[in-house]
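Enquirer: Before I ask anything, let me first share the structure, which is written out below as structure tokens.
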Amino acid sequence: MTAEIISIGTELLLGHIINTNTAFLSQKLAEAGIDVYYTSVVGDNPERITSSIRQAIGRSDIVITTGGLGPTVDDVTIETVAALIGKKLVLNKMVLKCLRDYFKFKKIKMPEATLRQAYTPEGVKCVRNKVGTAPGLLINWKDKVIICLPGPPRELEPMVVDDIVPYLMSRDRYVRRAHFSAPYHGPSTLRNRTIKITGLAESMVNKAVKDLLELKPPTTVGIYAKLDEVNLRIMAKAGDEKSAAKAIGKIETKIRSRLKDYIFGYDDETLEGSVGAILTARKKTIA
């Protein structure tokens, strides 16, 4: 399945807020074996939001929006999506209860404007917000899925991990069973491994692994230049963790054999950390 992410909020377009949600979502969807081919940012404008969702739904199986679910007048995502799918907004008693419980726990009187968040498109499944007030929405529309998530990362991230990814993975398995007469054993897991190199220019690393950079899915290699280092990222998609790890291992062995003298670390390791580990092992210090 393919997914597209639409980040909603004029503050994102103006650069007032850094959009970390797209990076987080892309990572979690990739881990679930769901490809993200497009991402976009649109302001708090109903016409432009509608246009963006229509375009996305025409080319992707899943469209995920972030932001615009708050209680203020410029939060227009729910109204816009409801109009798009032809559903009226109705009072959701379960959401209203969650809102009241939230403010009761906080020992704060619920603002009148917050009641707006209890109105959701009729018949649409809501996802409980365990941190804030805006519920998420799960919408099945024209054999596609539209998912609306709150903008604050502290609200979005647990919702994605606890509810959205498990839902999409279970739906993915259902779709596969529905479209294949025999059991489907296609790719469902995406894993990656980053090999970190220093002491060589990007062009020199490129020359050493040019054939590997030309590999096609399900196993690919990308090259990325950073300050004082070059990263080679191996990505493998397979039916299970073991198969993906095996595919990565084969490519990693080739890279190590060609660039072993210049590799200082893997994945989250840093050049400073690697140097520090060597100094510690040799009982040396730097002053």
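Residue numbering restarts at 1 in every chain; chains get A, B, ... in the order shown in the structure tokens, and ligands count up from 1 in that same order.
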Could you list, with a cut-off of 8 Å and counting only C-alpha atoms, the residues of stretch 33-102 of chain A near stretch 106-116 of chain A, each shown with its nearest atom pair and the distance in Å rounded to one decimal, rows sorted by chain and ascending number, as CSV?

Expert:
residue,atom,partner,partner_atom,distance
A:Gly70,CA,A:Thr114,CA,8.0
A:Pro71,CA,A:Thr114,CA,5.1
A:Thr72,CA,A:Ala113,CA,7.0
A:Leu96,CA,A:Leu115,CA,7.2
A:Leu99,CA,A:Met110,CA,7.8
A:Arg100,CA,A:Met110,CA,6.8
A:Tyr102,CA,A:Lys106,CA,6.3

Enquirer: Given the selection you just returned, output its residues as a file containing N, CA and C atoms, formatted as a PDB file, in the first residue's frame.

Expert:
ATOM      1  N   GLY A  70      -7.877  21.494  16.169  1.00  0.00           N
ATOM      2  CA  GLY A  70      -8.047  22.206  17.436  1.00  0.00           C
ATOM      3  C   GLY A  70      -9.401  22.882  17.566  1.00  0.00           C
ATOM      4  N   PRO A  71      -9.604  23.633  18.669  1.00  0.00           N
ATOM      5  CA  PRO A  71     -10.900  24.238  18.949  1.00  0.00           C
ATOM      6  C   PRO A  71     -11.095  25.644  18.384  1.00  0.00           C
ATOM      7  N   THR A  72     -10.059  26.201  17.748  1.00  0.00           N
ATOM      8  CA  THR A  72     -10.153  27.585  17.295  1.00  0.00           C
ATOM      9  C   THR A  72     -10.710  27.673  15.879  1.00  0.00           C
ATOM     10  N   LEU A  96     -17.119  13.687  23.643  1.00  0.00           N
ATOM     11  CA  LEU A  96     -17.499  14.686  24.639  1.00  0.00           C
ATOM     12  C   LEU A  96     -17.132  14.217  26.043  1.00  0.00           C
ATOM     13  N   LEU A  99     -13.456  14.587  26.578  1.00  0.00           N
ATOM     14  CA  LEU A  99     -13.107  15.991  26.790  1.00  0.00           C
ATOM     15  C   LEU A  99     -13.396  16.413  28.226  1.00  0.00           C
ATOM     16  N   ARG A 100     -14.567  16.049  28.697  1.00  0.00           N
ATOM     17  CA  ARG A 100     -14.927  16.409  30.070  1.00  0.00           C
ATOM     18  C   ARG A 100     -14.008  15.746  31.081  1.00  0.00           C
ATOM     19  N   TYR A 102     -10.939  14.854  30.571  1.00  0.00           N
ATOM     20  CA  TYR A 102      -9.626  15.476  30.444  1.00  0.00           C
ATOM     21  C   TYR A 102      -9.537  16.725  31.309  1.00  0.00           C
TER      22      TYR A 102
END

Enquirer: Within 6 Å of A:Ala236, counting only C-alpha atoms, which residues show up once you throw out same-chain ones fewer than 5 positions away? Write them as a PyMOL selection string, please.

Expert: chain A and resi 190-191+218-219+244

Enquirer: Write out as a PDB file with C-alpha atoms, in the first residue's frame the residues lying within 9 Å of stretch 74-84 of chain A, counting only C-alpha atoms and excluding same-chain residues fewer than 6 positions away.

Expert:
ATOM      1  CA  ILE A   8      -1.993  21.364   7.539  1.00  0.00           C
ATOM      2  CA  GLY A   9      -1.158  24.704   9.129  1.00  0.00           C
ATOM      3  CA  ASP A  44      -5.545  26.561   6.930  1.00  0.00           C
ATOM      4  CA  ASN A  45      -7.712  27.118   3.886  1.00  0.00           C
ATOM      5  CA  PRO A  46     -10.699  24.814   3.148  1.00  0.00           C
ATOM      6  CA  GLU A  47     -10.429  25.077  -0.635  1.00  0.00           C
ATOM      7  CA  ILE A  49      -7.062  21.516   1.821  1.00  0.00           C
ATOM      8  CA  THR A  50      -9.853  19.934  -0.244  1.00  0.00           C
ATOM      9  CA  ILE A  53      -6.765  15.687  -0.334  1.00  0.00           C
ATOM     10  CA  ARG A  54      -8.512  15.066  -3.669  1.00  0.00           C
ATOM     11  CA  THR A  65      -3.465  14.737   7.430  1.00  0.00           C
ATOM     12  CA  THR A  66      -1.869  16.353  10.460  1.00  0.00           C
ATOM     13  CA  GLY A  67      -3.084  19.495  12.184  1.00  0.00           C
ATOM     14  CA  GLY A  68      -6.190  21.634  12.055  1.00  0.00           C
ATOM     15  CA  GLN A 117     -13.979  19.176  19.000  1.00  0.00           C
ATOM     16  CA  TYR A 119     -18.487  17.213  16.660  1.00  0.00           C
ATOM     17  CA  THR A 120     -17.214  14.635  14.175  1.00  0.00           C
ATOM     18  CA  PRO A 121     -18.377  13.393  10.743  1.00  0.00           C
ATOM     19  CA  GLU A 122     -21.349  11.054  11.096  1.00  0.00           C
ATOM     20  CA  LEU A 137     -10.347  10.272  12.642  1.00  0.00           C
ATOM     21  CA  ILE A 146      -8.265   9.128   5.137  1.00  0.00           C
ATOM     22  CA  CYS A 148      -6.804  12.894  10.369  1.00  0.00           C
TER      23      CYS A 148
END

Enquirer: Find the spatial neighbours of stretch 32-36 of chain A, counting only C-alpha atoms, within a cut-off of 9 Å - ignore same-chain residues fewer than 3 positions away - and output them as an MDAnalysis selection string.

Expert: chainID A and resid 1:5 26:29 39 60 165:166 168:169 172 187:191 237:238

Enquirer: If you run DSSP over the backbone, which residues in stretch 43-108 of chain A end up strand (DSSP E or B)? Put them as a PDB file with C-alpha atoms, in the first residue's frame.

Expert:
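Result written to out17.pdb:
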ATOM      1  CA  ILE A  62      -3.877   6.130   2.408  1.00  0.00           C
ATOM      2  CA  VAL A  63      -3.990   9.883   2.999  1.00  0.00           C
ATOM      3  CA  ILE A  64      -2.873  11.139   6.403  1.00  0.00           C
ATOM      4  CA  THR A  65      -3.465  14.737   7.430  1.00  0.00           C
ATOM      5  CA  THR A  66      -1.869  16.353  10.460  1.00  0.00           C
ATOM      6  CA  LEU A  89     -21.021  16.867  11.726  1.00  0.00           C
ATOM      7  CA  VAL A  90     -22.789  15.315  14.723  1.00  0.00           C
ATOM      8  CA  LEU A  91     -22.131  15.392  18.450  1.00  0.00           C
TER       9      LEU A  91
END

Enquirer: Pick out the closest residue to A:Ile85 from this set: A:Val41, A:Ala56, A:Trp141, A:Val124. Count only C-alpha atoms.

Expert: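 So, comparing all the options, the nearest one is A:Trp141.
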
Enquirer: Going by DSSP on the backbone, which residues of stretch 102-229 of chain A come out as alpha helix (DSSP H)? List them as a count of residues only.

Expert: 38

Enquirer: At what distance in Å, to one decimal, does atom CA of A:Ser203 lie from atom CA of A:Glu269?

Expert: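 The value is 22.6 Å.
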
Enquirer: Please determine, counting only C-alpha atoms, which residue among A:Arg282, A:Lys196, A:Arg171, A:Lys246 has the shortest atom-to-atom distance to A:Leu227.

Expert: A:Lys196

Enquirer: Which one of A:Val95, A:Ile223, A:Ile6, A:Ile57 sits closest to A:Lys144 if you count only C-alpha atoms?

Expert: A:Ile57

Enquirer: Please provide as a PyMOL selection string all residues within 12 Å of A:Thr220, with the sequence filter that same-chain residues fewer than 2 positions apart are discarded (counting only C-alpha atoms).

Expert: chain A and resi 190-194+209-218+222-223+232-237+244+247-248+250-252

Enquirer: Keeping only N, CA and C atoms, write the selected residues as a PDB file, in the first residue's frame.

Expert:
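Wrote again-v2.pdb, looks like this:
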ATOM      1  N   LEU A 190      10.017  -3.235   6.125  1.00  0.00           N
ATOM      2  CA  LEU A 190      11.104  -2.424   5.578  1.00  0.00           C
ATOM      3  C   LEU A 190      12.103  -2.135   6.688  1.00  0.00           C
ATOM      4  N   ARG A 191      13.353  -2.465   6.435  1.00  0.00           N
ATOM      5  CA  ARG A 191      14.412  -2.213   7.408  1.00  0.00           C
ATOM      6  C   ARG A 191      15.571  -1.496   6.722  1.00  0.00           C
ATOM      7  N   ASN A 192      16.344  -0.751   7.500  1.00  0.00           N
ATOM      8  CA  ASN A 192      17.481  -0.048   6.921  1.00  0.00           C
ATOM      9  C   ASN A 192      18.686  -0.117   7.835  1.00  0.00           C
ATOM     10  N   ARG A 193      19.832   0.111   7.238  1.00  0.00           N
ATOM     11  CA  ARG A 193      21.115   0.072   7.949  1.00  0.00           C
ATOM     12  C   ARG A 193      21.984   1.169   7.357  1.00  0.00           C
ATOM     13  N   THR A 194      22.519   2.032   8.219  1.00  0.00           N
ATOM     14  CA  THR A 194      23.363   3.119   7.756  1.00  0.00           C
ATOM     15  C   THR A 194      24.821   2.826   8.087  1.00  0.00           C
ATOM     16  N   VAL A 209      31.251   2.162  -4.763  1.00  0.00           N
ATOM     17  CA  VAL A 209      30.022   1.353  -4.614  1.00  0.00           C
ATOM     18  C   VAL A 209      28.997   1.671  -5.701  1.00  0.00           C
ATOM     19  N   LYS A 210      29.470   2.163  -6.844  1.00  0.00           N
ATOM     20  CA  LYS A 210      28.562   2.611  -7.903  1.00  0.00           C
ATOM     21  C   LYS A 210      27.566   1.525  -8.308  1.00  0.00           C
ATOM     22  N   ASP A 211      28.014   0.295  -8.401  1.00  0.00           N
ATOM     23  CA  ASP A 211      27.119  -0.789  -8.815  1.00  0.00           C
ATOM     24  C   ASP A 211      26.025  -1.051  -7.785  1.00  0.00           C
ATOM     25  N   LEU A 212      26.359  -0.851  -6.508  1.00  0.00           N
ATOM     26  CA  LEU A 212      25.372  -1.069  -5.448  1.00  0.00           C
ATOM     27  C   LEU A 212      24.337   0.055  -5.421  1.00  0.00           C
ATOM     28  N   LEU A 213      24.753   1.263  -5.763  1.00  0.00           N
ATOM     29  CA  LEU A 213      23.827   2.393  -5.810  1.00  0.00           C
ATOM     30  C   LEU A 213      22.804   2.252  -6.932  1.00  0.00           C
ATOM     31  N   GLU A 214      23.092   1.385  -7.879  1.00  0.00           N
ATOM     32  CA  GLU A 214      22.183   1.174  -9.006  1.00  0.00           C
ATOM     33  C   GLU A 214      21.198   0.024  -8.775  1.00  0.00           C
ATOM     34  N   LEU A 215      21.257  -0.583  -7.584  1.00  0.00           N
ATOM     35  CA  LEU A 215      20.331  -1.677  -7.271  1.00  0.00           C
ATOM     36  C   LEU A 215      18.890  -1.178  -7.261  1.00  0.00           C
ATOM     37  N   LYS A 216      17.965  -2.038  -7.655  1.00  0.00           N
ATOM     38  CA  LYS A 216      16.549  -1.715  -7.671  1.00  0.00           C
ATOM     39  C   LYS A 216      15.849  -2.415  -6.505  1.00  0.00           C
ATOM     40  N   PRO A 217      14.663  -1.918  -6.091  1.00  0.00           N
ATOM     41  CA  PRO A 217      13.915  -2.570  -5.008  1.00  0.00           C
ATOM     42  C   PRO A 217      13.709  -4.045  -5.312  1.00  0.00           C
ATOM     43  N   PRO A 218      13.649  -4.886  -4.279  1.00  0.00           N
ATOM     44  CA  PRO A 218      13.355  -4.544  -2.881  1.00  0.00           C
ATOM     45  C   PRO A 218      14.545  -4.170  -2.012  1.00  0.00           C
ATOM     46  N   GLY A 222      21.459   4.029  -0.823  1.00  0.00           N
ATOM     47  CA  GLY A 222      21.503   5.464  -1.096  1.00  0.00           C
ATOM     48  C   GLY A 222      22.752   6.071  -0.495  1.00  0.00           C
ATOM     49  N   ILE A 223      23.219   7.166  -1.077  1.00  0.00           N
ATOM     50  CA  ILE A 223      24.423   7.841  -0.591  1.00  0.00           C
ATOM     51  C   ILE A 223      24.064   9.254  -0.162  1.00  0.00           C
ATOM     52  N   LEU A 232      26.147   5.674   3.767  1.00  0.00           N
ATOM     53  CA  LEU A 232      25.522   4.755   2.822  1.00  0.00           C
ATOM     54  C   LEU A 232      24.371   4.073   3.554  1.00  0.00           C
ATOM     55  N   ARG A 233      23.159   4.251   3.056  1.00  0.00           N
ATOM     56  CA  ARG A 233      21.992   3.667   3.710  1.00  0.00           C
ATOM     57  C   ARG A 233      21.435   2.525   2.874  1.00  0.00           C
ATOM     58  N   ILE A 234      21.419   1.349   3.470  1.00  0.00           N
ATOM     59  CA  ILE A 234      20.865   0.165   2.807  1.00  0.00           C
ATOM     60  C   ILE A 234      19.421   0.001   3.270  1.00  0.00           C
ATOM     61  N   MET A 235      18.506  -0.143   2.324  1.00  0.00           N
ATOM     62  CA  MET A 235      17.097  -0.364   2.656  1.00  0.00           C
ATOM     63  C   MET A 235      16.628  -1.652   1.996  1.00  0.00           C
ATOM     64  N   ALA A 236      15.988  -2.509   2.775  1.00  0.00           N
ATOM     65  CA  ALA A 236      15.512  -3.789   2.253  1.00  0.00           C
ATOM     66  C   ALA A 236      14.064  -4.010   2.664  1.00  0.00           C
ATOM     67  N   LYS A 237      13.246  -4.390   1.704  1.00  0.00           N
ATOM     68  CA  LYS A 237      11.846  -4.715   1.963  1.00  0.00           C
ATOM     69  C   LYS A 237      11.671  -6.209   1.732  1.00  0.00           C
ATOM     70  N   ALA A 244      14.634  -9.546   5.599  1.00  0.00           N
ATOM     71  CA  ALA A 244      15.129  -8.192   5.374  1.00  0.00           C
ATOM     72  C   ALA A 244      16.549  -8.045   5.921  1.00  0.00           C
ATOM     73  N   ALA A 247      19.055  -9.740   3.591  1.00  0.00           N
ATOM     74  CA  ALA A 247      19.319  -8.954   2.379  1.00  0.00           C
ATOM     75  C   ALA A 247      20.267  -7.798   2.689  1.00  0.00           C
ATOM     76  N   ILE A 248      20.049  -7.139   3.826  1.00  0.00           N
ATOM     77  CA  ILE A 248      20.927  -6.041   4.232  1.00  0.00           C
ATOM     78  C   ILE A 248      22.335  -6.563   4.500  1.00  0.00           C
ATOM     79  N   LYS A 250      23.988  -9.022   3.183  1.00  0.00           N
ATOM     80  CA  LYS A 250      24.747  -9.308   1.961  1.00  0.00           C
ATOM     81  C   LYS A 250      25.374  -8.033   1.388  1.00  0.00           C
ATOM     82  N   ILE A 251      24.593  -6.958   1.364  1.00  0.00           N
ATOM     83  CA  ILE A 251      25.104  -5.701   0.821  1.00  0.00           C
ATOM     84  C   ILE A 251      26.133  -5.091   1.765  1.00  0.00           C
ATOM     85  N   GLU A 252      25.875  -5.172   3.060  1.00  0.00           N
ATOM     86  CA  GLU A 252      26.811  -4.617   4.039  1.00  0.00           C
ATOM     87  C   GLU A 252      28.171  -5.290   3.928  1.00  0.00           C
TER      88      GLU A 252
END

Enquirer: Counting only C-alpha atoms, which of A:Ser51, A:Lys283, A:Cys98, A:Thr22 gets nearest to A:Tyr38?

Expert: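 Smallest distance to A:Tyr38 is found for A:Thr22.
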
Enquirer: Can you tell me, as a ChimeraX atom specification, what residues are no more than 12 Å from A:Tyr167 when counting only C-alpha atoms, ignoring any on the same chain fewer than 6 positions away?

Expert: /A:29,32,62,125,127,138-139,145,147,159-161,173-174

Enquirer: Next, write the just-selected residues to a file, as a PDB file, in the first residue's frame, keeping N, CA, C and O atoms as the atom set.

Expert:
ATOM      1  N   LEU A  29       5.676   4.529   9.011  1.00  0.00           N
ATOM      2  CA  LEU A  29       5.017   3.864   7.891  1.00  0.00           C
ATOM      3  C   LEU A  29       5.994   2.956   7.157  1.00  0.00           C
ATOM      4  O   LEU A  29       5.641   1.844   6.741  1.00  0.00           O
ATOM      5  N   ALA A  32       6.444  -0.216   8.832  1.00  0.00           N
ATOM      6  CA  ALA A  32       5.278  -1.085   8.656  1.00  0.00           C
ATOM      7  C   ALA A  32       5.169  -1.612   7.224  1.00  0.00           C
ATOM      8  O   ALA A  32       4.214  -2.321   6.896  1.00  0.00           O
ATOM      9  N   ILE A  62      -3.657   5.548   1.081  1.00  0.00           N
ATOM     10  CA  ILE A  62      -3.877   6.130   2.408  1.00  0.00           C
ATOM     11  C   ILE A  62      -3.461   7.592   2.371  1.00  0.00           C
ATOM     12  O   ILE A  62      -2.382   7.928   1.882  1.00  0.00           O
ATOM     13  N   LYS A 125     -15.099   6.645  12.467  1.00  0.00           N
ATOM     14  CA  LYS A 125     -14.460   6.133  13.681  1.00  0.00           C
ATOM     15  C   LYS A 125     -13.483   7.160  14.231  1.00  0.00           C
ATOM     16  O   LYS A 125     -12.694   7.742  13.486  1.00  0.00           O
ATOM     17  N   VAL A 127     -10.385   8.177  17.018  1.00  0.00           N
ATOM     18  CA  VAL A 127      -9.253   7.609  17.754  1.00  0.00           C
ATOM     19  C   VAL A 127      -9.001   8.487  18.964  1.00  0.00           C
ATOM     20  O   VAL A 127      -8.809   9.700  18.836  1.00  0.00           O
ATOM     21  N   LEU A 138     -10.592   8.090  11.596  1.00  0.00           N
ATOM     22  CA  LEU A 138     -10.308   7.011  10.647  1.00  0.00           C
ATOM     23  C   LEU A 138     -11.481   6.934   9.684  1.00  0.00           C
ATOM     24  O   LEU A 138     -12.591   6.594  10.084  1.00  0.00           O
ATOM     25  N   ILE A 139     -11.234   7.238   8.420  1.00  0.00           N
ATOM     26  CA  ILE A 139     -12.317   7.334   7.445  1.00  0.00           C
ATOM     27  C   ILE A 139     -12.063   6.388   6.283  1.00  0.00           C
ATOM     28  O   ILE A 139     -11.019   6.471   5.622  1.00  0.00           O
ATOM     29  N   VAL A 145      -8.370   5.206   2.438  1.00  0.00           N
ATOM     30  CA  VAL A 145      -8.405   5.560   3.855  1.00  0.00           C
ATOM     31  C   VAL A 145      -7.907   6.990   4.028  1.00  0.00           C
ATOM     32  O   VAL A 145      -6.850   7.353   3.514  1.00  0.00           O
ATOM     33  N   ILE A 147      -6.953   9.514   7.123  1.00  0.00           N
ATOM     34  CA  ILE A 147      -6.677   9.559   8.555  1.00  0.00           C
ATOM     35  C   ILE A 147      -6.335  10.991   8.934  1.00  0.00           C
ATOM     36  O   ILE A 147      -5.442  11.600   8.341  1.00  0.00           O
ATOM     37  N   MET A 159      -0.516   8.295  19.289  1.00  0.00           N
ATOM     38  CA  MET A 159      -1.673   7.861  18.515  1.00  0.00           C
ATOM     39  C   MET A 159      -1.234   7.019  17.314  1.00  0.00           C
ATOM     40  O   MET A 159      -1.843   5.993  16.993  1.00  0.00           O
ATOM     41  N   VAL A 160      -0.155   7.438  16.681  1.00  0.00           N
ATOM     42  CA  VAL A 160       0.366   6.701  15.525  1.00  0.00           C
ATOM     43  C   VAL A 160       0.872   5.326  15.941  1.00  0.00           C
ATOM     44  O   VAL A 160       0.558   4.309  15.315  1.00  0.00           O
ATOM     45  N   VAL A 161       1.649   5.282  17.016  1.00  0.00           N
ATOM     46  CA  VAL A 161       2.250   4.019  17.467  1.00  0.00           C
ATOM     47  C   VAL A 161       1.201   3.055  18.012  1.00  0.00           C
ATOM     48  O   VAL A 161       1.196   1.862  17.680  1.00  0.00           O
ATOM     49  N   ARG A 173      -3.224  -6.571   5.675  1.00  0.00           N
ATOM     50  CA  ARG A 173      -3.359  -8.028   5.558  1.00  0.00           C
ATOM     51  C   ARG A 173      -4.722  -8.403   4.988  1.00  0.00           C
ATOM     52  O   ARG A 173      -4.841  -9.323   4.181  1.00  0.00           O
ATOM     53  N   TYR A 174      -5.766  -7.652   5.391  1.00  0.00           N
ATOM     54  CA  TYR A 174      -7.109  -7.929   4.885  1.00  0.00           C
ATOM     55  C   TYR A 174      -7.179  -7.662   3.386  1.00  0.00           C
ATOM     56  O   TYR A 174      -7.725  -8.452   2.617  1.00  0.00           O
TER      57      TYR A 174
END
